[in-house]
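*Asks:* Here you go, one structure.
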Number of protein chains: 2
Amino acid sequence: MIRDTLIREFKTILGAANVFTREADRCAYSYDSAVLDPVLPALVIRPETREAMGKAIRLCNENKLPLTVRGAGTNLSGGTLPKKESVVLLTLALNRILEINEQDLYAIVEPGVVTARFANEVAKRGLFYPPDPGSQAVSTLGGNVAENAGGLRGLKYGVTKNYVMGVNFFDANGDWIKTGARTVKCVTGLNLSGLMVASEGTLGVFGEIILKLVPPPQAQKAILATFDNTERASQTVANIIAGKIIPATLEFLDNFTIRAVEEFSHAGLPIEAEALLLIEVDGHVAQVEEDAAKVEQICRAMGSTSIQVARSLDERNKVWEARRSALSALARLKPTTVIEDATVPRSKIPDMIRAITQIAQKCSLTIGTFGHAGDGNLHPTILTDRADKEEWRRVEEAIDAIFDKALSLGGTLSGEHGIGLAKLKYLEQETNKASILYAQRLKKAVDPNYILNPGKLVGE
Amino acid sequence: MIRDTLIREFKTILGAANVFTREADRCAYSYDSAVLDPVLPALVIRPETREAMGKAIRLCNENKLPLTVRGAGTNLSGGTLPKKESVVLLTLALNRILEINEQDLYAIVEPGVVTARFANEVAKRGLFYPPDPGSQAVSTLGGNVAENAGGLRGLKYGVTKNYVMGVNFFDANGDWIKTGARTVKCVTGLNLSGLMVASEGTLGVFGEIILKLVPPPQAQKAILATFDNTERASQTVANIIAGKIIPATLEFLDNFTIRAVEEFSHAGLPIEAEALLLIEVDGHVAQVEEDAAKVEQICRAMGSTSIQVARSLDERNKVWEARRSALSALARLKPTTVIEDATVPRSKIPDMIRAITQIAQKCSLTIGTFGHAGDGNLHPTILTDRADKEEWRRVEEAIDAIFDKALSLGGTLSGEHGIGLAKLKYLEQETNKASILYAQRLKKAVDPNYILNPGKLVGE
C-alpha cells in the first residue's frame, strides 16, 4: 500500500489523470510476455513530460519505492514485471519524435515512440532504421534500447546497440544524465550510452535517445528455399556465411513451425518441407543479383528441393509477414509458450538444431524451432501447459539442456530477449561470480536504494 | 619510492626481466603523445601471461599502488601518463592473436597486439578489420579499445566500439570478468564490454578482446579533388553526405597542411590548392562506379578545380600514405604540436572550418586543419612552442574557442582522442555535474582504492 499523501504528491506532479490506483487499471501491468507469475503493482504512473518524469522518479527515490519502467511490455524475460508494492512508470505518453535529421543521419526520440512508427517516419524521408524486433508493431524504442532488441536484420545490420548514438536519462535521484552525441564519433566521458543499452531499466530511466540512421539499400531480393532434410538446411546457413555473403536476413523454420504458420497465415508456405530458409539479400542492384545467384547456387548444391524468388514486393511482404507471425502461430496451439533465444556462433547452427531435436525427443516435448539462423540466434519454442506440473518439470529440464548446449558450443544464454528474471539463475554459468559482483557494485553505486527495476538482470 | 620487498614480490610474479626499476628504463614511460608535463613512474612491469598480469594487479591493489596500463603510448590526451610513485603496466608482451575464426567472422586477441599487424593477418585470410587509427602501425588493440580509437574509415565502417563483441578483463582486485560473446547478438548481463570501450583504463585491465570481422569490399576507388576555395571544399563534404553517398573515407586538408605534407612525403599533392578532399568509395564494383561518378559530379558542381582518380593501387596507396603523414609533417615545423579532435554533425563542417580560420586569425596562431571531414571529425593542429608563454596563453584561448564552437554546433569535445587529463576541465561544459558524478560513482564502486589509472577521464 502506498499512503494517500504520497499518491496526492504523484498527482500534483503528473496530473490526476496520469496516476492509476484502481486494481482494474493496475492489473494490465502485472505481467509481460515472459512465462512468469503476475505481480500487481501498487501504483501506475504515466508522465507526459520529461520534467514530470524526473520529479516522479525523485519522489520514488525519496520514498524508497521500487520503480519499473514499461513501454509495450513485449519483453520475453520478465524485465517489465514489477515488484510487489511498487510503481510502474509507463512511457507511452512520451512518444514524440523530436528530430529526424536527414543531413546528419540521426534522429532524437522520446522513449515511448513505437518502433514501426519510427521506422515508417524515417522511411518517408528516404532513410532507414534497420533494427526490427519481432514485436516492432507495438514495441517502443525505449524498450528496444533497454533490452538491446535484435530482430531479423541483425546479421547484416546489427542490433539496437549499433544504432544508439546517445541516451540522456534520469538517474535514481531524478538527475538528468547526458551521454553520447549527435556525431558518429564521441569519446567524451565514460560510454554510459553503451552501458544503458541492455541495462533493462536497472541503471536509469531514459528521457531522450539519439539514434543513427542509414541510407536504405537500393534493391533487395527474397529467396525461399525448401529442404527435405533439416541437417542440409542448417548446413546451408553455415555455407552461405562461410561463402562471405552477408544477407540482410537468413531465417530458418522447421516443419512444425511451417505448418503452424501456414495454418495461421495462409501465405502459401510449403507444408511438406522438413525445413525452409528465408533469405533476403540487399544493397546495390548488381550486388543483389550476384549475391542472390550465389545463394541459389549454395542452396542447390546442398540439395534444396525448391528455390523460389519473390517476384514482387507484395509476394515478398507476404512471406515476411508469415515469418513474423511464427510466434503467434505457435502460441495458439497450447496454453503456454516458452520461447528461448540461446545463440551460438553461426557455424554451430547445424549442431544446435540437431541438439534441440534430440532434447525435444528426450524430454518428450513439442518444440517448434525457427529464428535468425544467420546470426546464430535460434528460437526453440516449447509448446506446453504450465498447469501440467509433470510436463513443466520436463520443460525446465529441456531449457537447462538447451542452455548447456549453447554454452558448450561457445554461445550465449540470450541473444536478444534479455536476462530479466527468467534467466537470472543461469547467469553465472556463462560468466562467473566476479562478473556478477562487478555488475552489482555498479548498480548499487548509482542506485543505493535499489529502486530501479530491482531484482532484474544483475540480481539483488 | 616502492619498497624493496614489494619489488621482490613483483619479480616473483613476473620474472626479474619484466620488472624495471632503473630511471633510464622508467623514463620512456613518463609521457605519451599529449602535450603535458612528463611524470616518472616508480616502477614499470611487463607481464608475459594473463595469470601473471592478474596477480600483479592484485598486488598493486593490496598496496594501493596506482596502475596505468600502456600499449604503444600513442594516445593524444594524456590517458597513459602515469601518476607519481605509481606503476606502469606494459601490454606489449601480451601480443598473441589467439584465434581468427573465418567461419564465424570474429577474432580473439590479447591487448598488446599491434593494430596494423592484426589487420594484415585478418586480410591474409580474406577478411577485413576496418578501424584504422592514424597510429595503427604501432598502436595496440588494447589501447584502441580503451580509447575507442577512430580513424579514416569511421564514416562508413564506424569506430573501434562497433567491432568489440566482448572484453574479458581483470577488475581492480585482479578478478577475471567475462563479458560479451563470440556471437553478434548477446544480452547476457550488463553491457560491460560497451562500458570498457573508451574507459581509458579506469575500470579494468583488458586480458582478451573479441573483435568482429567483416568481408572486405570487392572494389574501391580513390578520388582527389582540389578546390581554390576552402568554403566550397567543405560544402562539398556536406553535399556528398546529403546525397546519401557514404564513402569509406572523406578527408579534408587545408592549404597549410597540403604544403607541409608534400614537403614531407613528395606524393605529388597540389600545393597551390586552397583545400583538397580525398575520397574513397568502396563496395561492389558497380556500386563503386556509380558512387564515384556521383562524387565527381558533386565535386564539379561545387567548382572543384581538378578531380583525379587513382589509376592503380600504388597510386592510391601513395596518396593515403601522404594523408596519414599529415600529423608528422606538421609536427616537424614547430617545437610543440597541439592536435584537437572536436567533432560536429557532418552538415556543420563548413561552419566549423570557417570558425577555425577565424580563431587562428584572432589568436594570431598557425593552425593546420585536416581530418575526417566526412564524419564531422576535424583535426585543427596548432603549431606552437610551449616555452613561449605568451603564445601558449593564446593557444589555450584558441582551444577554448574551438570547443565552444563545436559544442554550439551540436558537436562534441572529442571524437576519438579521448578526455584523459588534457580535456578533463572541459567535460562539464558538454555534459553536466550530475553526469560526471554518475561516472565517478561507477568508478569508485569497482575501484575503491582508486588504483586504475586514477585522475583520468572521470577525474578524482
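Labels used: A, B, ... for chains in the order of the C-alpha cells, numbers from 1 for residues in each chain, and numbers from 1 for ligands as shown.
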For stretch 373-389 of chain A, work out the shell of residues within 7 Å, counting only C-alpha atoms and skipping chain neighbours fewer than 4 positions away, then give it as a list in words.

*Replies:* Gly154, Leu155, Val237, Thr249, Leu250, Glu251, Phe252, Lys334, Pro335, Thr336, Thr337, Val338, Ile339, Glu340, Asp341, Ala342, Thr343, Val344, Pro345, Arg346, Ile349, Thr366, Ile367, Gly368, Thr369, Arg393 and Gly415 of chain A; Val184 of chain B

*Asks:* Generate a file of the selected residues that holds N, CA and C atoms, formatted as a compact mmCIF listing (two decimals), in the first residue's frame.

*Replies:*
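File part-v1.txt, as written:
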# COMPACT_ATOMS: atom_id res chain seq x y z
N GLY A 154 19.64 -8.58 -37.89
CA GLY A 154 20.86 -8.49 -37.08
C GLY A 154 22.11 -8.91 -37.83
N LEU A 155 21.94 -9.89 -38.69
CA LEU A 155 23.06 -10.48 -39.41
C LEU A 155 23.88 -9.42 -40.16
N VAL A 237 22.92 -22.73 -44.14
CA VAL A 237 23.12 -21.47 -43.43
C VAL A 237 24.62 -21.23 -43.21
N THR A 249 18.80 -10.82 -44.14
CA THR A 249 18.14 -11.76 -43.22
C THR A 249 18.37 -13.18 -43.72
N LEU A 250 18.43 -14.10 -42.76
CA LEU A 250 18.62 -15.50 -43.10
C LEU A 250 17.89 -16.30 -42.02
N GLU A 251 16.64 -16.62 -42.31
CA GLU A 251 15.76 -17.22 -41.31
C GLU A 251 15.54 -18.70 -41.58
N PHE A 252 15.39 -19.43 -40.49
CA PHE A 252 15.17 -20.88 -40.56
C PHE A 252 13.80 -21.20 -39.94
N LYS A 334 -1.04 -24.23 -27.79
CA LYS A 334 -1.02 -24.78 -26.44
C LYS A 334 -1.17 -23.63 -25.45
N PRO A 335 -1.59 -23.90 -24.22
CA PRO A 335 -1.81 -22.81 -23.27
C PRO A 335 -0.54 -21.99 -22.96
N THR A 336 0.62 -22.65 -22.94
CA THR A 336 1.84 -21.95 -22.54
C THR A 336 2.91 -22.07 -23.62
N THR A 337 3.52 -20.95 -23.96
CA THR A 337 4.58 -20.93 -24.97
C THR A 337 5.86 -20.42 -24.33
N VAL A 338 6.89 -21.21 -24.38
CA VAL A 338 8.19 -20.77 -23.85
C VAL A 338 9.13 -20.59 -25.03
N ILE A 339 9.50 -19.35 -25.31
CA ILE A 339 10.39 -19.11 -26.45
C ILE A 339 11.79 -18.76 -25.93
N GLU A 340 12.78 -19.52 -26.37
CA GLU A 340 14.15 -19.27 -25.92
C GLU A 340 14.94 -18.59 -27.02
N ASP A 341 16.11 -18.06 -26.66
CA ASP A 341 16.91 -17.36 -27.67
C ASP A 341 18.42 -17.57 -27.46
N ALA A 342 18.75 -18.74 -26.96
CA ALA A 342 20.17 -19.10 -26.85
C ALA A 342 20.81 -18.93 -28.23
N THR A 343 22.01 -18.41 -28.26
CA THR A 343 22.63 -18.04 -29.53
C THR A 343 24.03 -18.65 -29.62
N VAL A 344 24.37 -19.14 -30.80
CA VAL A 344 25.68 -19.78 -30.98
C VAL A 344 26.42 -19.13 -32.14
N PRO A 345 27.77 -19.28 -32.20
CA PRO A 345 28.48 -18.82 -33.39
C PRO A 345 27.84 -19.47 -34.62
N ARG A 346 27.77 -18.72 -35.70
CA ARG A 346 26.93 -19.14 -36.83
C ARG A 346 27.25 -20.52 -37.37
N ILE A 349 25.28 -23.60 -35.99
CA ILE A 349 23.84 -23.76 -36.17
C ILE A 349 23.42 -25.22 -36.44
N THR A 366 7.00 -30.91 -27.34
CA THR A 366 6.85 -30.34 -28.67
C THR A 366 7.65 -29.03 -28.72
N ILE A 367 8.68 -29.02 -29.55
CA ILE A 367 9.47 -27.79 -29.71
C ILE A 367 9.46 -27.39 -31.18
N GLY A 368 8.91 -26.22 -31.46
CA GLY A 368 8.99 -25.67 -32.81
C GLY A 368 10.23 -24.79 -32.87
N THR A 369 11.06 -24.99 -33.88
CA THR A 369 12.28 -24.19 -33.93
C THR A 369 12.29 -23.31 -35.18
N ARG A 393 8.08 -29.78 -15.43
CA ARG A 393 9.38 -30.22 -14.95
C ARG A 393 10.28 -30.58 -16.14
N GLY A 415 20.41 -14.09 -26.86
CA GLY A 415 20.86 -13.25 -27.97
C GLY A 415 20.17 -11.90 -27.97
N VAL B 184 27.14 -12.30 -32.62
CA VAL B 184 26.76 -10.90 -32.91
C VAL B 184 25.74 -10.42 -31.88

*Asks:* Run DSSP on the backbone and give me the residues of stretch 386-440 of chain B it puts in alpha helix (DSSP H), as a ChimeraX atom specification.

*Replies:* /B:389-408,427-430,433-440

*Asks:* Go ahead and save the residues from that selection, with N, CA and C atoms, as a CSV table (one decimal), in the first residue's frame.

*Replies:*
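Listed below is the output, again_39.csv:
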chain,number,residue,atom,x,y,z
B,389,LYS,N,55.6,31.5,-23.4
B,389,LYS,CA,54.4,31.6,-22.5
B,389,LYS,C,53.3,32.5,-23.0
B,390,GLU,N,53.7,33.5,-23.7
B,390,GLU,CA,52.6,34.5,-24.2
B,390,GLU,C,51.9,33.8,-25.3
B,391,GLU,N,52.6,33.1,-26.2
B,391,GLU,CA,51.9,32.4,-27.3
B,391,GLU,C,51.0,31.2,-26.7
B,392,TRP,N,51.6,30.5,-25.7
B,392,TRP,CA,50.9,29.4,-25.1
B,392,TRP,C,49.5,29.9,-24.6
B,393,ARG,N,49.5,31.1,-24.0
B,393,ARG,CA,48.2,31.6,-23.5
B,393,ARG,C,47.2,31.7,-24.6
B,394,ARG,N,47.7,32.2,-25.8
B,394,ARG,CA,46.8,32.3,-27.0
B,394,ARG,C,46.4,30.9,-27.5
B,395,VAL,N,47.3,30.0,-27.4
B,395,VAL,CA,46.9,28.6,-27.8
B,395,VAL,C,45.7,28.1,-26.9
B,396,GLU,N,45.9,28.3,-25.6
B,396,GLU,CA,44.8,27.9,-24.7
B,396,GLU,C,43.5,28.6,-25.0
B,397,GLU,N,43.6,29.9,-25.4
B,397,GLU,CA,42.4,30.7,-25.8
B,397,GLU,C,41.8,30.0,-27.0
B,398,ALA,N,42.6,29.7,-28.0
B,398,ALA,CA,42.1,29.1,-29.2
B,398,ALA,C,41.5,27.8,-29.0
B,399,ILE,N,42.0,26.9,-28.1
B,399,ILE,CA,41.4,25.6,-27.8
B,399,ILE,C,40.0,25.9,-27.2
B,400,ASP,N,40.0,26.8,-26.2
B,400,ASP,CA,38.7,27.1,-25.6
B,400,ASP,C,37.7,27.5,-26.7
B,401,ALA,N,38.1,28.3,-27.6
B,401,ALA,CA,37.2,28.8,-28.7
B,401,ALA,C,36.8,27.7,-29.6
B,402,ILE,N,37.7,26.8,-29.9
B,402,ILE,CA,37.3,25.7,-30.8
B,402,ILE,C,36.3,24.8,-30.1
B,403,PHE,N,36.5,24.5,-28.8
B,403,PHE,CA,35.5,23.7,-28.1
B,403,PHE,C,34.1,24.4,-28.0
B,404,ASP,N,34.2,25.7,-27.7
B,404,ASP,CA,32.9,26.4,-27.6
B,404,ASP,C,32.1,26.3,-28.9
B,405,LYS,N,32.9,26.5,-30.0
B,405,LYS,CA,32.2,26.5,-31.3
B,405,LYS,C,31.6,25.1,-31.6
B,406,ALA,N,32.4,24.1,-31.4
B,406,ALA,CA,32.0,22.7,-31.7
B,406,ALA,C,30.7,22.4,-30.9
B,407,LEU,N,30.7,22.7,-29.6
B,407,LEU,CA,29.5,22.5,-28.8
B,407,LEU,C,28.3,23.3,-29.2
B,408,SER,N,28.6,24.5,-29.6
B,408,SER,CA,27.4,25.4,-30.1
B,408,SER,C,26.9,24.9,-31.4
B,427,LEU,N,34.9,18.9,-19.5
B,427,LEU,CA,33.9,17.8,-19.5
B,427,LEU,C,32.5,18.3,-19.1
B,428,GLU,N,32.5,19.1,-18.1
B,428,GLU,CA,31.2,19.6,-17.6
B,428,GLU,C,30.5,20.5,-18.6
B,429,GLN,N,31.3,21.2,-19.5
B,429,GLN,CA,30.7,22.1,-20.5
B,429,GLN,C,29.8,21.3,-21.4
B,430,GLU,N,30.2,20.1,-21.8
B,430,GLU,CA,29.4,19.3,-22.7
B,430,GLU,C,28.4,18.5,-22.0
B,433,LYS,N,27.2,18.4,-14.2
B,433,LYS,CA,27.7,17.9,-12.9
B,433,LYS,C,27.2,16.5,-12.6
B,434,ALA,N,25.9,16.3,-12.8
B,434,ALA,CA,25.3,15.0,-12.4
B,434,ALA,C,25.9,13.9,-13.2
B,435,SER,N,26.2,14.2,-14.5
B,435,SER,CA,26.7,13.1,-15.4
B,435,SER,C,28.1,12.7,-14.9
B,436,ILE,N,28.9,13.7,-14.5
B,436,ILE,CA,30.3,13.4,-14.0
B,436,ILE,C,30.2,12.7,-12.7
B,437,LEU,N,29.3,13.0,-11.9
B,437,LEU,CA,29.1,12.4,-10.6
B,437,LEU,C,28.7,10.9,-10.8
B,438,TYR,N,27.8,10.7,-11.7
B,438,TYR,CA,27.3,9.4,-12.1
B,438,TYR,C,28.5,8.5,-12.5
B,439,ALA,N,29.4,9.0,-13.3
B,439,ALA,CA,30.6,8.2,-13.8
B,439,ALA,C,31.5,8.0,-12.6
B,440,GLN,N,31.7,9.0,-11.8
B,440,GLN,CA,32.6,8.8,-10.6
B,440,GLN,C,32.1,7.8,-9.6

*Asks:* Show me, as a list in words, the residues that have an atom within 12 Å of A:Glu48 when counting only C-alpha atoms, minus same-chain residues fewer than 6 positions from it.

*Replies:*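 My reading of the contact set: Ile13, Leu14, Gly15, Ala16, Ala17, Asn18, Val19, Gly54, Lys55, Ala56, Leu89, Leu90, Thr91, Leu92, Ala93, Leu94, Asn95, Arg96, Glu110, Pro111, Gly112 and Gly207 of chain A.
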
*Asks:* Deliver the residues from the most recent selection as a file, using N, CA, C and O atoms, as a short mmCIF file (atom, residue, chain, number, x, y, z; two decimals), in the first residue's frame.

*Replies:*
data_model
loop_
_atom_site.label_atom_id
_atom_site.label_comp_id
_atom_site.auth_asym_id
_atom_site.auth_seq_id
_atom_site.Cartn_x
_atom_site.Cartn_y
_atom_site.Cartn_z
N ILE A 13 2.37 16.19 -9.28
CA ILE A 13 3.46 16.21 -10.28
C ILE A 13 2.95 15.86 -11.67
O ILE A 13 3.30 16.51 -12.66
N LEU A 14 2.10 14.82 -11.75
CA LEU A 14 1.78 14.22 -13.05
C LEU A 14 0.39 14.58 -13.58
O LEU A 14 0.09 14.34 -14.75
N GLY A 15 -0.45 15.14 -12.72
CA GLY A 15 -1.86 15.34 -13.09
C GLY A 15 -2.63 14.09 -12.68
O GLY A 15 -2.16 12.97 -12.89
N ALA A 16 -3.82 14.29 -12.12
CA ALA A 16 -4.60 13.16 -11.58
C ALA A 16 -4.88 12.09 -12.64
O ALA A 16 -4.90 10.89 -12.35
N ALA A 17 -5.05 12.51 -13.89
CA ALA A 17 -5.40 11.56 -14.96
C ALA A 17 -4.25 10.61 -15.29
O ALA A 17 -4.45 9.62 -15.99
N ASN A 18 -3.05 10.91 -14.81
CA ASN A 18 -1.89 10.08 -15.12
C ASN A 18 -1.42 9.24 -13.93
O ASN A 18 -0.30 8.70 -13.96
N VAL A 19 -2.26 9.14 -12.91
CA VAL A 19 -1.93 8.33 -11.74
C VAL A 19 -3.04 7.29 -11.56
O VAL A 19 -4.20 7.66 -11.37
N GLY A 54 11.09 13.21 -14.30
CA GLY A 54 12.21 13.39 -13.38
C GLY A 54 11.75 13.57 -11.94
O GLY A 54 12.28 12.96 -11.01
N LYS A 55 10.71 14.39 -11.77
CA LYS A 55 10.21 14.65 -10.42
C LYS A 55 9.59 13.39 -9.81
O LYS A 55 9.75 13.12 -8.61
N ALA A 56 8.88 12.63 -10.63
CA ALA A 56 8.25 11.40 -10.14
C ALA A 56 9.31 10.39 -9.69
O ALA A 56 9.15 9.69 -8.68
N LEU A 89 6.08 2.76 -14.21
CA LEU A 89 6.11 4.04 -14.93
C LEU A 89 5.92 3.75 -16.42
O LEU A 89 6.74 3.07 -17.04
N LEU A 90 4.81 4.22 -16.98
CA LEU A 90 4.52 3.99 -18.40
C LEU A 90 5.16 5.10 -19.24
O LEU A 90 5.05 6.27 -18.92
N THR A 91 5.80 4.69 -20.34
CA THR A 91 6.44 5.71 -21.19
C THR A 91 5.54 6.12 -22.36
O THR A 91 5.92 6.95 -23.17
N LEU A 92 4.35 5.54 -22.44
CA LEU A 92 3.60 5.69 -23.68
C LEU A 92 3.14 7.10 -24.02
O LEU A 92 2.83 7.39 -25.17
N ALA A 93 3.12 7.99 -23.02
CA ALA A 93 2.77 9.38 -23.33
C ALA A 93 3.99 10.20 -23.74
O ALA A 93 3.86 11.34 -24.21
N LEU A 94 5.16 9.62 -23.57
CA LEU A 94 6.40 10.29 -24.01
C LEU A 94 6.76 9.69 -25.37
O LEU A 94 7.68 8.87 -25.49
N ASN A 95 5.99 10.07 -26.37
CA ASN A 95 6.08 9.38 -27.66
C ASN A 95 6.33 10.33 -28.82
O ASN A 95 5.85 10.12 -29.92
N ARG A 96 7.10 11.37 -28.55
CA ARG A 96 7.40 12.33 -29.62
C ARG A 96 8.70 11.99 -30.34
O ARG A 96 9.69 11.64 -29.70
N GLU A 110 11.72 10.35 -27.98
CA GLU A 110 11.38 10.03 -26.60
C GLU A 110 11.23 8.51 -26.49
O GLU A 110 11.05 7.82 -27.50
N PRO A 111 11.28 7.98 -25.27
CA PRO A 111 11.34 6.51 -25.13
C PRO A 111 10.06 5.79 -25.56
O PRO A 111 10.13 4.62 -25.92
N GLY A 112 8.92 6.48 -25.55
CA GLY A 112 7.67 5.78 -25.82
C GLY A 112 7.28 5.68 -27.29
O GLY A 112 6.22 5.16 -27.61
N GLY A 207 15.21 9.36 -21.10
CA GLY A 207 14.37 10.51 -21.43
C GLY A 207 14.42 10.85 -22.90
O GLY A 207 13.41 11.22 -23.51
#

*Asks:* Might you pull out every residue within 9 Å of A:Val197, with only C-alpha atoms counted and same-chain residues fewer than 2 positions away left off, and present them as a ChimeraX atom specification?

*Replies:* /A:144-148,160-161,164,167,192-195,199-200 /B:190-191,194

*Asks:* Keeping N, CA, C and O atoms, export the residues of the selection given above as a PDB file, in the first residue's frame.

*Replies:*
ATOM      1  N   ASN A 144      13.282  -1.132 -26.650  1.00  0.00           N
ATOM      2  CA  ASN A 144      14.279  -1.730 -27.543  1.00  0.00           C
ATOM      3  C   ASN A 144      15.694  -1.464 -27.035  1.00  0.00           C
ATOM      4  O   ASN A 144      16.548  -2.350 -27.060  1.00  0.00           O
ATOM      5  N   VAL A 145      15.939  -0.223 -26.586  1.00  0.00           N
ATOM      6  CA  VAL A 145      17.277   0.117 -26.088  1.00  0.00           C
ATOM      7  C   VAL A 145      17.539  -0.603 -24.764  1.00  0.00           C
ATOM      8  O   VAL A 145      18.602  -1.180 -24.553  1.00  0.00           O
ATOM      9  N   ALA A 146      16.535  -0.590 -23.876  1.00  0.00           N
ATOM     10  CA  ALA A 146      16.696  -1.226 -22.565  1.00  0.00           C
ATOM     11  C   ALA A 146      16.982  -2.720 -22.689  1.00  0.00           C
ATOM     12  O   ALA A 146      17.638  -3.311 -21.836  1.00  0.00           O
ATOM     13  N   GLU A 147      16.454  -3.338 -23.746  1.00  0.00           N
ATOM     14  CA  GLU A 147      16.646  -4.780 -23.943  1.00  0.00           C
ATOM     15  C   GLU A 147      17.705  -5.079 -25.013  1.00  0.00           C
ATOM     16  O   GLU A 147      17.999  -6.238 -25.277  1.00  0.00           O
ATOM     17  N   ASN A 148      18.227  -4.049 -25.666  1.00  0.00           N
ATOM     18  CA  ASN A 148      19.075  -4.238 -26.851  1.00  0.00           C
ATOM     19  C   ASN A 148      18.401  -5.197 -27.821  1.00  0.00           C
ATOM     20  O   ASN A 148      18.944  -6.251 -28.192  1.00  0.00           O
ATOM     21  N   THR A 160      19.983  -3.195 -31.943  1.00  0.00           N
ATOM     22  CA  THR A 160      19.683  -1.833 -31.496  1.00  0.00           C
ATOM     23  C   THR A 160      20.947  -1.089 -31.050  1.00  0.00           C
ATOM     24  O   THR A 160      21.135   0.084 -31.382  1.00  0.00           O
ATOM     25  N   LYS A 161      21.825  -1.774 -30.311  1.00  0.00           N
ATOM     26  CA  LYS A 161      23.008  -1.070 -29.776  1.00  0.00           C
ATOM     27  C   LYS A 161      23.848  -0.432 -30.875  1.00  0.00           C
ATOM     28  O   LYS A 161      24.516   0.573 -30.635  1.00  0.00           O
ATOM     29  N   VAL A 164      22.497   3.192 -31.394  1.00  0.00           N
ATOM     30  CA  VAL A 164      22.359   4.146 -30.287  1.00  0.00           C
ATOM     31  C   VAL A 164      23.584   5.061 -30.261  1.00  0.00           C
ATOM     32  O   VAL A 164      24.691   4.618 -29.975  1.00  0.00           O
ATOM     33  N   VAL A 167      22.171   8.425 -25.183  1.00  0.00           N
ATOM     34  CA  VAL A 167      20.991   8.253 -24.335  1.00  0.00           C
ATOM     35  C   VAL A 167      21.082   9.300 -23.229  1.00  0.00           C
ATOM     36  O   VAL A 167      22.076   9.337 -22.501  1.00  0.00           O
ATOM     37  N   LEU A 192      28.534   5.824 -21.236  1.00  0.00           N
ATOM     38  CA  LEU A 192      27.316   5.498 -20.480  1.00  0.00           C
ATOM     39  C   LEU A 192      26.174   5.111 -21.413  1.00  0.00           C
ATOM     40  O   LEU A 192      25.308   4.318 -21.043  1.00  0.00           O
ATOM     41  N   SER A 193      26.166   5.646 -22.629  1.00  0.00           N
ATOM     42  CA  SER A 193      25.142   5.223 -23.598  1.00  0.00           C
ATOM     43  C   SER A 193      25.267   3.730 -23.847  1.00  0.00           C
ATOM     44  O   SER A 193      24.260   3.018 -23.913  1.00  0.00           O
ATOM     45  N   GLY A 194      26.512   3.273 -23.998  1.00  0.00           N
ATOM     46  CA  GLY A 194      26.739   1.848 -24.201  1.00  0.00           C
ATOM     47  C   GLY A 194      26.274   1.038 -23.006  1.00  0.00           C
ATOM     48  O   GLY A 194      25.686  -0.027 -23.152  1.00  0.00           O
ATOM     49  N   LEU A 195      26.501   1.572 -21.807  1.00  0.00           N
ATOM     50  CA  LEU A 195      26.102   0.859 -20.594  1.00  0.00           C
ATOM     51  C   LEU A 195      24.572   0.804 -20.454  1.00  0.00           C
ATOM     52  O   LEU A 195      24.022  -0.167 -19.932  1.00  0.00           O
ATOM     53  N   SER A 199      20.442  -2.552 -20.343  1.00  0.00           N
ATOM     54  CA  SER A 199      20.509  -2.476 -18.878  1.00  0.00           C
ATOM     55  C   SER A 199      19.154  -2.765 -18.225  1.00  0.00           C
ATOM     56  O   SER A 199      19.047  -2.762 -16.991  1.00  0.00           O
ATOM     57  N   GLU A 200      18.130  -2.994 -19.020  1.00  0.00           N
ATOM     58  CA  GLU A 200      16.820  -3.456 -18.516  1.00  0.00           C
ATOM     59  C   GLU A 200      16.246  -2.568 -17.413  1.00  0.00           C
ATOM     60  O   GLU A 200      15.624  -3.067 -16.470  1.00  0.00           O
TER      61      GLU A 200
ATOM     62  N   LEU B 190      24.841  -7.048 -17.808  1.00  0.00           N
ATOM     63  CA  LEU B 190      25.078  -5.661 -18.212  1.00  0.00           C
ATOM     64  C   LEU B 190      26.081  -5.631 -19.359  1.00  0.00           C
ATOM     65  O   LEU B 190      26.964  -6.486 -19.440  1.00  0.00           O
ATOM     66  N   ASN B 191      25.953  -4.640 -20.221  1.00  0.00           N
ATOM     67  CA  ASN B 191      26.848  -4.498 -21.363  1.00  0.00           C
ATOM     68  C   ASN B 191      28.201  -3.938 -20.907  1.00  0.00           C
ATOM     69  O   ASN B 191      28.584  -2.812 -21.221  1.00  0.00           O
ATOM     70  N   GLY B 194      30.627  -2.846 -23.586  1.00  0.00           N
ATOM     71  CA  GLY B 194      30.362  -1.485 -24.055  1.00  0.00           C
ATOM     72  C   GLY B 194      30.952  -0.456 -23.108  1.00  0.00           C
ATOM     73  O   GLY B 194      31.501   0.552 -23.526  1.00  0.00           O
TER      74      GLY B 194
END

*Asks:* Which residues come within 9 Å of stretch 129-138 of chain A, counting only C-alpha atoms, excluding same-chain residues fewer than 2 positions away, as number ranges by chain?

*Replies:* A: 72, 74-75, 114-120, 122-123, 127, 140-141, 144, 149-154, 157-160, 162-163, 211-216, 324-325, 327, 416

*Asks:* Determine, counting only C-alpha atoms, which protein, DNA and RNA residues have an atom within 8 Å of an atom of A:Glu280; residues of the same chain fewer than 6 positions away are not included. Present the result as a list in words.

*Replies:* Gln220, Lys221, Ala222, Ile223, Pro247, Ala248, Thr249 and Leu250 of chain A

*Asks:* Emit the selected residues as a PDB file, in the first residue's frame, including C-alpha atoms.

*Replies:*
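Output saved as result_6.pdb:
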ATOM      1  CA  GLN A 220      16.512  -6.376 -52.310  1.00  0.00           C
ATOM      2  CA  LYS A 221      15.631  -9.915 -53.270  1.00  0.00           C
ATOM      3  CA  ALA A 222      13.868 -12.509 -51.149  1.00  0.00           C
ATOM      4  CA  ILE A 223      14.510 -16.204 -51.665  1.00  0.00           C
ATOM      5  CA  PRO A 247      22.324 -11.492 -46.353  1.00  0.00           C
ATOM      6  CA  ALA A 248      20.132  -8.872 -44.692  1.00  0.00           C
ATOM      7  CA  THR A 249      18.143 -11.761 -43.225  1.00  0.00           C
ATOM      8  CA  LEU A 250      18.618 -15.501 -43.098  1.00  0.00           C
TER       9      LEU A 250
END

*Asks:* Which is closer to chain B than all the others in A:Val288, A:Leu333, A:Ala355, A:Ala301, using only C-alpha atoms?

*Replies:*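 So, comparing all the options, the nearest one is A:Val288.
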
*Asks:* Can you pull out every residue within 9 Å of A:Ser304, counting only C-alpha atoms, but drop anything in the same chain fewer than 3 positions away, and send it as a list in words?

*Replies:*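 Skipping anything fewer than 3 positions along the chain leaves Ala225, Thr226, Phe227, Asp228, Asn229, Arg232, Ala233, Thr236, Leu276, Ile298, Cys299, Arg300, Ala301 and Ile307 of chain A.
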
*Asks:* Suppose you want the space between atom CA of A:Leu278 and atom CA of A:Thr257; what is it in Å?

*Replies:*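 If I compute the distance from atom CA of A:Leu278 to atom CA of A:Thr257, I get 13.1 Å.
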